[in-house]
Amino acid sequence: MEGQINELVSFLRDPNPEVRRGALSHLLGYTAKTSQYQYIFKLNNKQPIRDLKLLCMDNPLIAHDAFSALINLSEDTEICKELDDNKFLKYLNPKVILADLVCMLLSNITKDEKIADKLLNATMPETANTTNTTLVSSTRAMDQLVDVFVKGVNKEYNKHAEYHFLSSVFANVTILQQGRDFFLTDAPQYNLPPLTSLIIFIEHSNVIRRGGVVSCIKNCCFNVSQHLDLLSESKINLLPYILLPLCGPDEFDPDDMEGMPEDIQFLPPDKKRETDPHLRQTLLETILLLTSTRQTRDILRAKKVYPVIRQMHLVEKDENVGHVAENIVNMLMRDEAEEEKSELSSQKEIGGGVDDKDVNKGKEDIRVYRRKKLEQHFYFSHQNPFSDVQQASSAKTWETCFRPVAKLHRFWIRSPKKQSLSLKTGLGSE
């Protein structure tokens with residue numbers, strides 16, 4: 001069988017397009033993760049991968065199967081490095097007919113930090129606008145990707161694509177500090193951070209689109225210095241968006257609604273919470289990240305986050321989700337003044353007296369201690385269900401320990417006997 005597959009691989013370079021198409025159609029099934037012959041594509045110094053990259057630029061029928069094969073194979077780190085090719089990366093333009101396949105491939109290969117960094121710094125020529133859609137005037141690739149993600153929903157920009165998988169690309173690039181800075185810094189075209197363009201899809205019907213957006217939001221919340229901007233109603237105003245998927249048809253007491261965001265008050269009786277427990281957990285972990293400082297905790301209290309979490313916890317059946325909700329309650333319902341007084345008193349007894357500088361230092365020590373406790377919660381208690389998480393080293397930083405959050409599920413395409421394509425989302429369904 002290996003010899004026959006190798007012979008098929010040699011036909012990928014045949015000058016006859018029908019031969020190339022036939023060979024690739026038969027090889028597609030062997031690129032699946034479950035295939036025992038996937039290693040063949042790494043032989044001869046990965047020449048088959050280079051052939052597949054060239055076939056992505058072939059006619060659409062051949063390119064379709066070539067992209068599908070590379071999507072399957074890109075889970076392998078060695079092959080992913082082979083795709084780190086500037087010429088090939090420039091060809092991955094998500095405005096072509098096979099845009100959704102391009103986005104799927106980008107979502108896989110941007111898990112490589114080097115490729116993600118290249119994408120963040122990449123430029124693309126401005127594209128001519130379609131009859132119904134005007135794209136942003138920018139040569140920066142990320143600006144164009146965000147714009148086409150927003151304007152391409154429901155195939156409004158490209159009748160062949162919906163661009164859901166770009167949300168996973170955004171989740172991957174926000175692993176990097178530069179990626180988080182991009183989404184949290186005002187874009188000159190809108191005078192608003194690009195994250196404001198994504199949060200509107202947090203309740204989208206497509207789980208890939210909203211899942212990637214939720215992970216991107218959570219990663220951006222690692223920029224603790226920008227938590228106030230994230231919560232500010234005049235800037236990003238994130239809180240109503242992350243609370244809405246956690247709300248059901250709940251009725252709150254008038255006291256509970258005082259200060260609560262208007263968007264989550266008086267919801268209709270058919271309002272449903274986020275159905276995916278992994279996304280509910282991600283949303284709750286985002287809120288937990290926003291409890292990192294005393295100032296943001298006070299904002300969350302004033303916005304009546306606790307009643308929302310309380311009502312959700314009453315009906316939550318998933319143990320992991322419930323555990324995160326309890327941690328949020330512990331952070332919000334603590335007696336801040338009493339704890340600081342008690343901890344400073346303990347330091348005073350040990351140190352034999354403190355002056356104002358010591359008091360300030362003590363408060364800072366308390367903040368560091370609480371942050372470390374929060375780190376331990378993320379580091380030891382939770383793993384991202386969308387990723388192949390491995391045990392991390394305790395020496396890693398808070399940001400790095402939680403990095404698997406951005407590593408969304410990999411996508412691959414299975415080629416059944418009837419040669420029809422089906423997508424496995426990695427959400428536990430076959």
# chains A, B, ... in the order shown; residues from 1 in each chain; ligands from 1

$ select_by_dssp --residues "range 48-112 of chain A" --states "helix (DSSP H, G or I)" --output "PyMOL selection string"
chain A and resi 48-55+60-73+77-82+86-91+99-109

$ closest_residue --among "A:Ile236, A:Met104, A:Leu231, A:Ile49" --to "Pro194 in chain A" --atoms "only C-alpha atoms"
A:Ile236

$ residues_around --residues "range 165-178 of chain A" --least-positions-apart "5" --cutoff "7 Å" --atoms "only C-alpha atoms" --output "number ranges by chain"
A: 103-104, 106-107, 110-111, 116, 149, 208-209, 212-213, 215-216, 219-220, 403, 406-408

$ write_last_selection --atoms "N, CA, C and O atoms" --output "compact mmCIF listing (two decimals), in the first residue's frame"
# COMPACT_ATOMS: atom_id res chain seq x y z
N CYS A 103 -9.32 30.20 5.48
CA CYS A 103 -9.47 30.59 6.89
C CYS A 103 -9.25 29.40 7.82
O CYS A 103 -8.67 29.54 8.90
N MET A 104 -9.71 28.23 7.41
CA MET A 104 -9.49 27.03 8.21
C MET A 104 -8.00 26.72 8.33
O MET A 104 -7.50 26.39 9.41
N LEU A 106 -5.52 28.86 7.96
CA LEU A 106 -4.93 29.91 8.80
C LEU A 106 -5.17 29.64 10.29
O LEU A 106 -4.30 29.87 11.12
N SER A 107 -6.36 29.14 10.60
CA SER A 107 -6.67 28.88 12.00
C SER A 107 -5.79 27.78 12.57
O SER A 107 -5.52 27.75 13.77
N THR A 110 -1.70 29.29 12.47
CA THR A 110 -1.37 30.41 13.35
C THR A 110 -1.21 29.97 14.80
O THR A 110 -0.92 30.80 15.67
N LYS A 111 -1.39 28.69 15.08
CA LYS A 111 -1.03 28.18 16.40
C LYS A 111 0.49 28.20 16.57
O LYS A 111 0.98 28.17 17.70
N ALA A 116 2.00 33.28 13.53
CA ALA A 116 1.08 34.28 14.08
C ALA A 116 1.73 35.66 14.09
O ALA A 116 1.09 36.67 13.76
N PHE A 149 -14.21 39.67 8.31
CA PHE A 149 -14.90 38.81 9.28
C PHE A 149 -16.25 39.42 9.66
O PHE A 149 -17.26 38.71 9.76
N ILE A 208 -18.42 28.01 16.01
CA ILE A 208 -17.04 28.31 15.67
C ILE A 208 -16.80 29.81 15.77
O ILE A 208 -15.83 30.27 16.37
N ARG A 209 -17.72 30.59 15.20
CA ARG A 209 -17.57 32.05 15.22
C ARG A 209 -17.60 32.57 16.66
O ARG A 209 -16.72 33.31 17.09
N GLY A 212 -14.52 31.30 18.89
CA GLY A 212 -13.26 32.00 18.67
C GLY A 212 -13.29 33.40 19.25
O GLY A 212 -12.30 33.88 19.82
N VAL A 213 -14.43 34.07 19.13
CA VAL A 213 -14.57 35.42 19.68
C VAL A 213 -14.44 35.39 21.20
O VAL A 213 -13.74 36.23 21.80
N SER A 215 -12.83 33.23 23.07
CA SER A 215 -11.44 32.98 23.44
C SER A 215 -10.56 34.20 23.19
O SER A 215 -9.66 34.49 23.98
N CYS A 216 -10.82 34.91 22.11
CA CYS A 216 -10.08 36.15 21.83
C CYS A 216 -10.31 37.17 22.93
O CYS A 216 -9.37 37.82 23.40
N ASN A 219 -8.40 36.14 26.09
CA ASN A 219 -6.97 36.40 25.98
C ASN A 219 -6.65 37.88 26.13
O ASN A 219 -5.64 38.25 26.74
N CYS A 220 -7.50 38.73 25.57
CA CYS A 220 -7.28 40.18 25.71
C CYS A 220 -7.36 40.62 27.16
O CYS A 220 -6.73 41.62 27.55
N ARG A 403 -1.98 30.22 28.42
CA ARG A 403 -1.89 30.33 26.98
C ARG A 403 -2.75 29.32 26.23
O ARG A 403 -3.29 29.64 25.18
N ALA A 406 -6.03 30.09 24.08
CA ALA A 406 -6.11 30.56 22.70
C ALA A 406 -5.98 29.43 21.70
O ALA A 406 -6.27 29.60 20.55
N LYS A 407 -5.48 28.29 22.17
CA LYS A 407 -5.28 27.19 21.24
C LYS A 407 -6.60 26.47 21.02
O LYS A 407 -6.90 25.48 21.65
N LEU A 408 -7.38 26.97 20.11
CA LEU A 408 -8.66 26.36 19.81
C LEU A 408 -8.44 25.02 19.12
O LEU A 408 -7.35 24.66 18.71

$ residues_around --residues "Ser205 in chain A" --least-positions-apart "2" --cutoff "12 Å" --atoms "only C-alpha atoms" --output "PyMOL selection string"
chain A and resi 153-154+164+200-203+207-211+245+274-276

$ residues_around --residues "Gly22 in chain A" --least-positions-apart "3" --cutoff "10 Å" --atoms "only C-alpha atoms" --output "list in words"
Leu8, Phe11, Leu12, Pro17, Glu18, Val19, Ser25, His26, Leu27 and Ile62 of chain A

$ write_last_selection --atoms "C-alpha atoms" --output "JSON list (two decimals), in the first residue's frame"
[["chain", "number", "residue", "atom", "x", "y", "z"],
["A", 8, "LEU", "CA", 0.05, 8.57, -6.40],
["A", 11, "PHE", "CA", 1.37, 12.23, -9.99],
["A", 12, "LEU", "CA", 0.80, 15.48, -8.08],
["A", 17, "PRO", "CA", -4.57, 18.63, -14.68],
["A", 18, "GLU", "CA", -6.96, 15.67, -14.79],
["A", 19, "VAL", "CA", -4.19, 13.37, -13.60],
["A", 25, "SER", "CA", -8.67, 13.02, -4.87],
["A", 26, "HIS", "CA", -7.43, 9.54, -3.95],
["A", 27, "LEU", "CA", -4.71, 10.87, -1.63],
["A", 62, "ILE", "CA", -7.74, 20.93, -7.57]]

$ residues_around --residues "His227 in chain A" --least-positions-apart "4" --cutoff "10 Å" --atoms "only C-alpha atoms" --output "list in words"
Cys220, Cys221, Phe222, Asn223, Leu231, Ser232, Ile236, Leu238, Leu289, Leu290, Thr291, Ser292, Thr293, Gln295 and Thr296 of chain A

$ write_last_selection --atoms "C-alpha atoms" --output "PDB file, in the first residue's frame"
ATOM      1  CA  CYS A 220      -7.279  40.176  25.707  1.00  0.00           C
ATOM      2  CA  CYS A 221      -8.236  40.261  29.390  1.00  0.00           C
ATOM      3  CA  PHE A 222      -4.689  39.239  30.269  1.00  0.00           C
ATOM      4  CA  ASN A 223      -3.765  42.869  29.664  1.00  0.00           C
ATOM      5  CA  LEU A 231     -15.170  47.819  31.333  1.00  0.00           C
ATOM      6  CA  SER A 232     -15.640  51.492  30.461  1.00  0.00           C
ATOM      7  CA  ILE A 236     -15.019  48.894  24.834  1.00  0.00           C
ATOM      8  CA  LEU A 238     -17.266  44.555  27.376  1.00  0.00           C
ATOM      9  CA  LEU A 289      -9.712  37.647  35.073  1.00  0.00           C
ATOM     10  CA  LEU A 290     -11.486  40.987  35.397  1.00  0.00           C
ATOM     11  CA  THR A 291     -11.484  40.594  39.197  1.00  0.00           C
ATOM     12  CA  SER A 292      -7.694  40.965  39.271  1.00  0.00           C
ATOM     13  CA  THR A 293      -7.715  44.429  40.874  1.00  0.00           C
ATOM     14  CA  GLN A 295     -10.896  48.804  41.243  1.00  0.00           C
ATOM     15  CA  THR A 296     -12.342  46.370  38.717  1.00  0.00           C
TER      16      THR A 296
END

$ select_by_dssp --residues "range 90-218 of chain A" --states "strand (DSSP E or B)" --output "list in words"
Thr123, Arg140, Ala187 and Leu192 of chain A

$ atom_distance --atom1 "CA of Asn6 in chain A" --atom2 "CA of Leu28 in chain A"
13.1 Å

$ atom_distance --atom1 "CA of Pro268 in chain A" --atom2 "CA of Pro249 in chain A"
6.1 Å

$ closest_residue --among "A:Asn327, A:Thr286, A:Gln311, A:Thr34" --to "Asp256 in chain A" --atoms "only C-alpha atoms"
A:Gln311

$ residues_around --residues "Glu2 in chain A" --least-positions-apart "5" --cutoff "12 Å" --atoms "only C-alpha atoms" --output "ChimeraX atom specification"
/A:7-9,27,30,36-41,43

$ closest_residue --among "A:Leu89, A:Val305, A:Ile328, A:Leu54" --to "Ile115 in chain A" --atoms "only C-alpha atoms"
A:Leu89

$ closest_residue --among "A:Thr123, A:Asn320, A:Gln265, A:Asn93" --to "Leu284 in chain A" --atoms "only C-alpha atoms"
A:Asn320

$ atom_distance --atom1 "CA of Asp14 in chain A" --atom2 "CA of Cys56 in chain A"
14.8 Å

$ decode --residues "range 73-183 of chain A" --atoms "C-alpha atoms" --output "JSON list (two decimals), in the first residue's frame"
[["chain", "number", "residue", "atom", "x", "y", "z"],
["A", 73, "LEU", "CA", -1.82, 17.71, 7.70],
["A", 74, "SER", "CA", -1.20, 21.06, 9.40],
["A", 75, "GLU", "CA", -1.76, 19.56, 12.84],
["A", 76, "ASP", "CA", 1.72, 18.05, 12.54],
["A", 77, "THR", "CA", 4.27, 20.56, 13.84],
["A", 78, "GLU", "CA", 6.90, 19.57, 11.27],
["A", 79, "ILE", "CA", 4.47, 20.10, 8.41],
["A", 80, "CYS", "CA", 3.26, 23.33, 9.97],
["A", 81, "LYS", "CA", 6.83, 24.64, 9.85],
["A", 82, "GLU", "CA", 7.01, 23.71, 6.18],
["A", 83, "LEU", "CA", 3.97, 25.93, 5.61],
["A", 84, "ASP", "CA", 5.88, 28.86, 7.12],
["A", 85, "ASP", "CA", 6.73, 30.03, 3.63],
["A", 86, "ASN", "CA", 6.42, 33.74, 2.86],
["A", 87, "LYS", "CA", 5.34, 33.17, -0.74],
["A", 88, "PHE", "CA", 2.69, 30.66, 0.31],
["A", 89, "LEU", "CA", 1.47, 32.76, 3.24],
["A", 90, "LYS", "CA", 0.97, 35.76, 0.95],
["A", 91, "TYR", "CA", -1.22, 33.58, -1.24],
["A", 92, "LEU", "CA", -3.56, 32.80, 1.68],
["A", 93, "ASN", "CA", -5.93, 35.62, 0.84],
["A", 94, "PRO", "CA", -9.33, 35.09, 2.50],
["A", 95, "LYS", "CA", -11.14, 36.95, -0.28],
["A", 96, "VAL", "CA", -10.92, 34.21, -2.91],
["A", 97, "ILE", "CA", -13.55, 31.62, -3.87],
["A", 98, "LEU", "CA", -12.11, 29.05, -1.42],
["A", 99, "ALA", "CA", -11.97, 31.63, 1.37],
["A", 100, "ASP", "CA", -13.43, 29.37, 4.06],
["A", 101, "LEU", "CA", -10.78, 26.72, 3.42],
["A", 102, "VAL", "CA", -8.10, 29.43, 3.53],
["A", 103, "CYS", "CA", -9.47, 30.59, 6.89],
["A", 104, "MET", "CA", -9.49, 27.03, 8.21],
["A", 105, "LEU", "CA", -5.85, 26.57, 7.22],
["A", 106, "LEU", "CA", -4.93, 29.91, 8.80],
["A", 107, "SER", "CA", -6.67, 28.88, 12.00],
["A", 108, "ASN", "CA", -4.45, 25.80, 12.19],
["A", 109, "ILE", "CA", -1.09, 27.25, 11.23],
["A", 110, "THR", "CA", -1.37, 30.41, 13.35],
["A", 111, "LYS", "CA", -1.03, 28.18, 16.40],
["A", 112, "ASP", "CA", 2.65, 28.44, 15.50],
["A", 113, "GLU", "CA", 3.78, 31.65, 17.19],
["A", 114, "LYS", "CA", 6.21, 32.47, 14.41],
["A", 115, "ILE", "CA", 3.44, 32.35, 11.80],
["A", 116, "ALA", "CA", 1.08, 34.28, 14.08],
["A", 117, "ASP", "CA", 3.72, 36.97, 14.45],
["A", 118, "LYS", "CA", 4.15, 37.16, 10.67],
["A", 119, "LEU", "CA", 0.42, 37.58, 10.22],
["A", 120, "LEU", "CA", 0.31, 40.41, 12.76],
["A", 121, "ASN", "CA", 2.98, 42.28, 10.79],
["A", 122, "ALA", "CA", 1.82, 41.31, 7.30],
["A", 123, "THR", "CA", 0.50, 43.70, 4.68],
["A", 124, "MET", "CA", -1.97, 43.04, 1.88],
["A", 125, "PRO", "CA", -2.91, 45.15, -1.13],
["A", 126, "GLU", "CA", -6.19, 46.96, -0.77],
["A", 127, "THR", "CA", -8.94, 44.99, -2.45],
["A", 128, "ALA", "CA", -11.48, 46.43, -4.83],
["A", 129, "ASN", "CA", -14.85, 46.75, -3.11],
["A", 130, "THR", "CA", -17.79, 44.63, -4.17],
["A", 131, "THR", "CA", -21.08, 46.12, -5.29],
["A", 132, "ASN", "CA", -22.69, 45.86, -1.86],
["A", 133, "THR", "CA", -19.75, 45.94, 0.56],
["A", 134, "THR", "CA", -17.05, 48.51, 1.21],
["A", 135, "LEU", "CA", -13.94, 47.23, 2.97],
["A", 136, "VAL", "CA", -11.66, 49.23, 5.21],
["A", 137, "SER", "CA", -9.00, 51.32, 3.51],
["A", 138, "SER", "CA", -5.86, 49.75, 4.96],
["A", 139, "THR", "CA", -2.94, 47.67, 3.76],
["A", 140, "ARG", "CA", -2.46, 45.97, 7.13],
["A", 141, "ALA", "CA", -3.54, 42.32, 6.88],
["A", 142, "MET", "CA", -5.14, 42.21, 10.33],
["A", 143, "ASP", "CA", -7.27, 45.27, 9.59],
["A", 144, "GLN", "CA", -8.59, 43.60, 6.46],
["A", 145, "LEU", "CA", -9.18, 40.26, 8.19],
["A", 146, "VAL", "CA", -11.23, 41.86, 10.97],
["A", 147, "ASP", "CA", -13.23, 43.85, 8.43],
["A", 148, "VAL", "CA", -13.98, 40.89, 6.20],
["A", 149, "PHE", "CA", -14.90, 38.81, 9.28],
["A", 150, "VAL", "CA", -17.49, 41.42, 10.26],
["A", 151, "LYS", "CA", -18.80, 42.30, 6.81],
["A", 152, "GLY", "CA", -18.58, 38.80, 5.39],
["A", 153, "VAL", "CA", -21.09, 37.25, 7.81],
["A", 154, "ASN", "CA", -24.04, 35.53, 6.06],
["A", 155, "LYS", "CA", -22.03, 35.58, 2.81],
["A", 156, "GLU", "CA", -22.62, 39.28, 2.36],
["A", 157, "TYR", "CA", -19.10, 39.95, 1.08],
["A", 158, "ASN", "CA", -18.27, 36.65, -0.60],
["A", 159, "LYS", "CA", -21.14, 34.40, -1.68],
["A", 160, "HIS", "CA", -18.85, 31.39, -1.26],
["A", 161, "ALA", "CA", -17.68, 32.07, 2.31],
["A", 162, "GLU", "CA", -18.86, 33.00, 5.80],
["A", 163, "TYR", "CA", -15.43, 33.50, 7.43],
["A", 164, "HIS", "CA", -16.37, 31.86, 10.75],
["A", 165, "PHE", "CA", -12.91, 30.34, 11.11],
["A", 166, "LEU", "CA", -11.22, 33.73, 11.21],
["A", 167, "SER", "CA", -12.39, 33.98, 14.83],
["A", 168, "SER", "CA", -10.01, 31.12, 15.64],
["A", 169, "VAL", "CA", -7.20, 33.01, 13.92],
["A", 170, "PHE", "CA", -7.94, 36.00, 16.16],
["A", 171, "ALA", "CA", -7.89, 33.74, 19.21],
["A", 172, "ASN", "CA", -4.52, 32.35, 18.17],
["A", 173, "VAL", "CA", -2.82, 35.69, 17.51],
["A", 174, "THR", "CA", -3.93, 37.01, 20.90],
["A", 175, "ILE", "CA", -1.62, 34.46, 22.47],
["A", 176, "LEU", "CA", 0.99, 37.08, 21.69],
["A", 177, "GLN", "CA", 1.20, 40.43, 23.44],
["A", 178, "GLN", "CA", 1.32, 42.15, 20.06],
["A", 179, "GLY", "CA", -1.96, 40.47, 19.11],
["A", 180, "ARG", "CA", -3.67, 41.62, 22.28],
["A", 181, "ASP", "CA", -2.33, 45.13, 21.77],
["A", 182, "PHE", "CA", -3.77, 45.14, 18.25],
["A", 183, "PHE", "CA", -7.28, 44.31, 19.42]]
